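Working notes for the structure below.
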Amino acid sequence: MKISPPKFNSDKTCVVAAYLVQLAGGKLDMYTLIKLLYIMDREAYKRWCHAVTFDSYVSMPFGPVVSKTYDILKGEIEDPLWTEYFHERKNNTIFLKKEKPDFSLMSRAEEELAQELYETYGKLDFDRLCEITHKFAEYEDPNGSSLPISINSILNAVMVDEEQIKSAVEELHTQVCHERIFL
């Protein structure tokens, strides 16, 4: 069953991004942040059968990208919480604005995952991150453009057990139905 992604959670994504930027000392390369958020969602699907951001994913020439977050960081979409948490980027560097960000939208497990991924990937240069993410099974070279990455392809890449994939798809389908009814 092909699944539609649940609704993008911009507020939570902003908080997770702020958490990662704080781990980096208050500033972080925008493209590194985009990669970390993609890797975080990918790993969350693997561990918990659901994402953290529920962003849209695309393959771009430099690897997989969290698409809506990328649009926010490029300034193509305005979001008041992002404006509250971050200064306008300078030379593709994101600076934390908020002195004491509120991370209450993140679970303890998400905080731990963010810390783990920052330690593993956060200090790598962009070329190395591209090299790593180009090896992800769900990534397809878009030949200079972009191609959507489905949740199904991420699940198939990170889960080895067919029952686990089926369970994840059912859980995500239930969440999407819930959003359509109640939100």
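Residues in the structure tokens are named by chain (A, B, ... in the order shown) and by number from 1 within that chain; ligands are numbered from 1 in the order shown.
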
Can you list every residue in chain A that DSSP puts in strand (DSSP E), as a list in words?
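Assigned to strand (DSSP E), within chain A: Lys27, Leu28, Asp29, Tyr57, Val58, Ser59, Met60, Gly63, Pro64, Val65, Val66, Thr93, Ile94, Phe95, Leu147, Pro148 and Ile149 of chain A.
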
Could you dump the residues just selected with N, CA and C atoms as an mmCIF file, in the first residue's frame?
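The resulting file, again02.cif, is shown below:
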data_model
loop_
_atom_site.group_PDB
_atom_site.id
_atom_site.type_symbol
_atom_site.label_atom_id
_atom_site.label_comp_id
_atom_site.auth_asym_id
_atom_site.auth_seq_id
_atom_site.Cartn_x
_atom_site.Cartn_y
_atom_site.Cartn_z
ATOM 1 N N LYS A 27 25.458 27.850 15.902
ATOM 2 C CA LYS A 27 25.464 28.105 14.456
ATOM 3 C C LYS A 27 25.794 26.812 13.734
ATOM 4 N N LEU A 28 25.193 26.669 12.540
ATOM 5 C CA LEU A 28 25.378 25.436 11.772
ATOM 6 C C LEU A 28 25.138 25.729 10.297
ATOM 7 N N ASP A 29 25.924 25.109 9.454
ATOM 8 C CA ASP A 29 25.728 25.216 8.015
ATOM 9 C C ASP A 29 24.327 24.724 7.651
ATOM 10 N N TYR A 57 10.200 14.517 1.223
ATOM 11 C CA TYR A 57 11.591 14.188 0.938
ATOM 12 C C TYR A 57 11.821 14.158 -0.562
ATOM 13 N N VAL A 58 12.972 14.689 -0.979
ATOM 14 C CA VAL A 58 13.338 14.654 -2.393
ATOM 15 C C VAL A 58 14.814 14.306 -2.541
ATOM 16 N N SER A 59 15.117 13.635 -3.654
ATOM 17 C CA SER A 59 16.507 13.428 -4.061
ATOM 18 C C SER A 59 16.909 14.645 -4.863
ATOM 19 N N MET A 60 18.015 15.257 -4.478
ATOM 20 C CA MET A 60 18.581 16.378 -5.218
ATOM 21 C C MET A 60 20.021 16.009 -5.575
ATOM 22 N N GLY A 63 22.131 14.893 -2.755
ATOM 23 C CA GLY A 63 21.592 13.880 -1.855
ATOM 24 C C GLY A 63 20.161 14.154 -1.445
ATOM 25 N N PRO A 64 19.646 13.340 -0.518
ATOM 26 C CA PRO A 64 18.271 13.497 -0.047
ATOM 27 C C PRO A 64 18.105 14.762 0.794
ATOM 28 N N VAL A 65 16.916 15.357 0.698
ATOM 29 C CA VAL A 65 16.633 16.642 1.342
ATOM 30 C C VAL A 65 15.252 16.610 1.985
ATOM 31 N N VAL A 66 15.136 17.287 3.153
ATOM 32 C CA VAL A 66 13.814 17.553 3.736
ATOM 33 C C VAL A 66 13.319 18.821 3.033
ATOM 34 N N THR A 93 24.835 29.942 6.666
ATOM 35 C CA THR A 93 24.977 29.538 8.064
ATOM 36 C C THR A 93 23.732 29.966 8.817
ATOM 37 N N ILE A 94 23.208 29.042 9.616
ATOM 38 C CA ILE A 94 22.026 29.291 10.437
ATOM 39 C C ILE A 94 22.510 29.639 11.841
ATOM 40 N N PHE A 95 21.958 30.721 12.405
ATOM 41 C CA PHE A 95 22.323 31.163 13.751
ATOM 42 C C PHE A 95 21.099 31.106 14.653
ATOM 43 N N LEU A 147 13.800 14.589 -7.469
ATOM 44 C CA LEU A 147 12.836 13.491 -7.565
ATOM 45 C C LEU A 147 12.255 13.245 -6.182
ATOM 46 N N PRO A 148 10.947 13.027 -6.085
ATOM 47 C CA PRO A 148 10.376 12.731 -4.765
ATOM 48 C C PRO A 148 10.894 11.397 -4.223
ATOM 49 N N ILE A 149 11.047 11.343 -2.908
ATOM 50 C CA ILE A 149 11.383 10.095 -2.216
ATOM 51 C C ILE A 149 10.144 9.714 -1.413
#

Rows by chain and residue number, segment 59-94 of chain A within 9 Å of segment 14-23 of chain A, shortest pair, only C-alpha atoms, as a Markdown table:
| residue | atom | partner | partner_atom | distance |
| --- | --- | --- | --- | --- |
| A:Thr69 | CA | A:Cys14 | CA | 8.5 |
| A:Leu81 | CA | A:Cys14 | CA | 7.1 |
| A:Trp82 | CA | A:Cys14 | CA | 5.9 |
| A:Tyr85 | CA | A:Ala18 | CA | 7.0 |
| A:Phe86 | CA | A:Ala18 | CA | 7.8 |
| A:Ile94 | CA | A:Val21 | CA | 7.6 |

Based on the selection just made, write C-alpha atoms of those residues as a PDB file, in the first residue's frame.
ATOM      1  CA  THR A  69      12.382  22.713   5.691  1.00  0.00           C
ATOM      2  CA  LEU A  81       8.309  30.279  14.860  1.00  0.00           C
ATOM      3  CA  TRP A  82      11.377  29.883  12.643  1.00  0.00           C
ATOM      4  CA  TYR A  85      14.150  30.886  16.831  1.00  0.00           C
ATOM      5  CA  PHE A  86      16.677  31.799  14.120  1.00  0.00           C
ATOM      6  CA  ILE A  94      22.026  29.291  10.437  1.00  0.00           C
TER       7      ILE A  94
END

May I ask for the distance between atom CA of Leu33 of chain A and atom CA of Leu73 of chain A, given in Å to one decimal place?
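The value is 9.8 Å.
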
When you look at Ile132 of chain A with a cut-off of 10 Å (counting only C-alpha atoms), what residues show up, excluding the ones that are within fewer than 5 positions of it in the same chain? I need them as an MDAnalysis selection string.
chainID A and resid 63 121 126:127

Using only N, CA and C atoms, please write the residues we just selected to a file, as a JSON list (two decimals), in the first residue's frame.
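After the write, result.json holds the following:
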[["chain", "number", "residue", "atom", "x", "y", "z"],
["A", 63, "GLY", "N", 22.13, 14.89, -2.76],
["A", 63, "GLY", "CA", 21.59, 13.88, -1.86],
["A", 63, "GLY", "C", 20.16, 14.15, -1.45],
["A", 121, "TYR", "N", 27.39, 12.63, 12.69],
["A", 121, "TYR", "CA", 27.39, 13.30, 11.40],
["A", 121, "TYR", "C", 27.59, 14.82, 11.45],
["A", 126, "PHE", "N", 30.44, 18.92, 4.30],
["A", 126, "PHE", "CA", 29.30, 18.69, 3.42],
["A", 126, "PHE", "C", 29.58, 17.61, 2.38],
["A", 127, "ASP", "N", 30.79, 17.61, 1.83],
["A", 127, "ASP", "CA", 31.12, 16.59, 0.82],
["A", 127, "ASP", "C", 31.02, 15.19, 1.39]]

In terms of the shortest atom-to-atom distance over only C-alpha atoms, which of A:Leu37, A:Cys130, A:Ser10, A:Ala44 is closest to Glu78 of chain A?
A:Ser10

DSSP alpha helix (DSSP H) selection over segment 41-120 of chain A, as a ChimeraX atom specification
/A:41-48,67-74,80-85,108-117

Store the residues picked out above in a file with N, CA and C atoms, as a JSON list (two decimals), in the first residue's frame.
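Contents of part-v2.json, as written:
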[["chain", "number", "residue", "atom", "x", "y", "z"],
["A", 41, "ASP", "N", 15.00, 11.76, 10.41],
["A", 41, "ASP", "CA", 13.72, 11.14, 10.02],
["A", 41, "ASP", "C", 13.93, 9.71, 9.55],
["A", 42, "ARG", "N", 14.95, 9.49, 8.77],
["A", 42, "ARG", "CA", 15.25, 8.14, 8.27],
["A", 42, "ARG", "C", 15.50, 7.18, 9.42],
["A", 43, "GLU", "N", 16.30, 7.61, 10.38],
["A", 43, "GLU", "CA", 16.61, 6.76, 11.53],
["A", 43, "GLU", "C", 15.38, 6.57, 12.42],
["A", 44, "ALA", "N", 14.54, 7.60, 12.53],
["A", 44, "ALA", "CA", 13.30, 7.48, 13.31],
["A", 44, "ALA", "C", 12.36, 6.45, 12.68],
["A", 45, "TYR", "N", 12.27, 6.45, 11.36],
["A", 45, "TYR", "CA", 11.47, 5.41, 10.69],
["A", 45, "TYR", "C", 12.02, 4.03, 11.03],
["A", 46, "LYS", "N", 13.32, 3.90, 11.02],
["A", 46, "LYS", "CA", 13.96, 2.61, 11.31],
["A", 46, "LYS", "C", 13.68, 2.16, 12.75],
["A", 47, "ARG", "N", 13.78, 3.08, 13.70],
["A", 47, "ARG", "CA", 13.64, 2.73, 15.11],
["A", 47, "ARG", "C", 12.20, 2.67, 15.59],
["A", 48, "TRP", "N", 11.39, 3.64, 15.13],
["A", 48, "TRP", "CA", 10.06, 3.81, 15.72],
["A", 48, "TRP", "C", 8.92, 3.70, 14.71],
["A", 67, "SER", "N", 12.39, 18.66, 2.13],
["A", 67, "SER", "CA", 12.03, 19.67, 1.15],
["A", 67, "SER", "C", 11.40, 20.94, 1.73],
["A", 68, "LYS", "N", 10.39, 20.78, 2.57],
["A", 68, "LYS", "CA", 9.70, 21.96, 3.11],
["A", 68, "LYS", "C", 10.62, 22.75, 4.04],
["A", 69, "THR", "N", 11.42, 22.04, 4.82],
["A", 69, "THR", "CA", 12.38, 22.71, 5.69],
["A", 69, "THR", "C", 13.40, 23.48, 4.86],
["A", 70, "TYR", "N", 13.84, 22.88, 3.78],
["A", 70, "TYR", "CA", 14.78, 23.55, 2.88],
["A", 70, "TYR", "C", 14.16, 24.84, 2.34],
["A", 71, "ASP", "N", 12.89, 24.79, 1.96],
["A", 71, "ASP", "CA", 12.21, 25.99, 1.47],
["A", 71, "ASP", "C", 12.12, 27.07, 2.55],
["A", 72, "ILE", "N", 11.87, 26.66, 3.79],
["A", 72, "ILE", "CA", 11.83, 27.63, 4.90],
["A", 72, "ILE", "C", 13.20, 28.27, 5.08],
["A", 73, "LEU", "N", 14.24, 27.46, 5.11],
["A", 73, "LEU", "CA", 15.59, 27.98, 5.33],
["A", 73, "LEU", "C", 16.07, 28.86, 4.19],
["A", 74, "LYS", "N", 15.60, 28.60, 2.97],
["A", 74, "LYS", "CA", 15.96, 29.45, 1.82],
["A", 74, "LYS", "C", 15.16, 30.75, 1.83],
["A", 80, "PRO", "N", 6.51, 32.03, 11.36],
["A", 80, "PRO", "CA", 6.80, 32.88, 12.52],
["A", 80, "PRO", "C", 7.67, 32.22, 13.59],
["A", 81, "LEU", "N", 7.50, 30.93, 13.83],
["A", 81, "LEU", "CA", 8.31, 30.28, 14.86],
["A", 81, "LEU", "C", 9.78, 30.20, 14.42],
["A", 82, "TRP", "N", 10.00, 29.92, 13.15],
["A", 82, "TRP", "CA", 11.38, 29.88, 12.64],
["A", 82, "TRP", "C", 12.02, 31.27, 12.78],
["A", 83, "THR", "N", 11.25, 32.32, 12.52],
["A", 83, "THR", "CA", 11.76, 33.68, 12.66],
["A", 83, "THR", "C", 12.08, 33.99, 14.12],
["A", 84, "GLU", "N", 11.29, 33.45, 15.03],
["A", 84, "GLU", "CA", 11.53, 33.64, 16.47],
["A", 84, "GLU", "C", 12.78, 32.89, 16.93],
["A", 85, "TYR", "N", 13.04, 31.73, 16.37],
["A", 85, "TYR", "CA", 14.15, 30.89, 16.83],
["A", 85, "TYR", "C", 15.48, 31.17, 16.14],
["A", 108, "ARG", "N", 12.10, 12.76, 24.87],
["A", 108, "ARG", "CA", 13.46, 12.45, 25.35],
["A", 108, "ARG", "C", 14.18, 11.56, 24.32],
["A", 109, "ALA", "N", 13.47, 10.61, 23.75],
["A", 109, "ALA", "CA", 14.08, 9.73, 22.75],
["A", 109, "ALA", "C", 14.53, 10.52, 21.52],
["A", 110, "GLU", "N", 13.75, 11.52, 21.11],
["A", 110, "GLU", "CA", 14.13, 12.36, 19.97],
["A", 110, "GLU", "C", 15.36, 13.20, 20.30],
["A", 111, "GLU", "N", 15.43, 13.71, 21.53],
["A", 111, "GLU", "CA", 16.61, 14.46, 21.95],
["A", 111, "GLU", "C", 17.85, 13.57, 21.89],
["A", 112, "GLU", "N", 17.71, 12.35, 22.40],
["A", 112, "GLU", "CA", 18.84, 11.42, 22.39],
["A", 112, "GLU", "C", 19.25, 11.06, 20.97],
["A", 113, "LEU", "N", 18.28, 10.87, 20.09],
["A", 113, "LEU", "CA", 18.58, 10.58, 18.70],
["A", 113, "LEU", "C", 19.31, 11.76, 18.05],
["A", 114, "ALA", "N", 18.84, 12.97, 18.31],
["A", 114, "ALA", "CA", 19.49, 14.17, 17.76],
["A", 114, "ALA", "C", 20.94, 14.26, 18.24],
["A", 115, "GLN", "N", 21.16, 14.00, 19.52],
["A", 115, "GLN", "CA", 22.53, 14.04, 20.06],
["A", 115, "GLN", "C", 23.41, 12.99, 19.39],
["A", 116, "GLU", "N", 22.87, 11.79, 19.28],
["A", 116, "GLU", "CA", 23.61, 10.68, 18.66],
["A", 116, "GLU", "C", 23.98, 11.01, 17.20],
["A", 117, "LEU", "N", 23.00, 11.52, 16.45],
["A", 117, "LEU", "CA", 23.26, 11.82, 15.05],
["A", 117, "LEU", "C", 24.20, 13.02, 14.89]]

Tell me, as a list in words, which residues lie within 10 Å of Lys12 of chain A, counting only C-alpha atoms; anything in the same chain fewer than 5 positions away does not count.
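Counting only the stated atoms, we get Ala17, Ala18, Val52, Thr53, Phe54, Leu81, Phe103, Ser104, Leu105 and Met106 of chain A.
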
Would you mind reading off the distance between atom CA of Asp102 of chain A and atom CA of Thr13 of chain A, one decimal, in Å?
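Separation between atom CA of Asp102 of chain A and atom CA of Thr13 of chain A: 12.4 Å.
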
Can you tell me how far atom CA of Ala157 of chain A sits from atom CA of Glu138 of chain A, in Å to one decimal?
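Atom-to-atom, atom CA of Ala157 of chain A to atom CA of Glu138 of chain A, that is 6.1 Å.
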
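Closest approach to His134 of chain A among A:Asp11, A:Ala24, A:Pro61, A:Ile154: A:Pro61, based on only C-alpha atoms.
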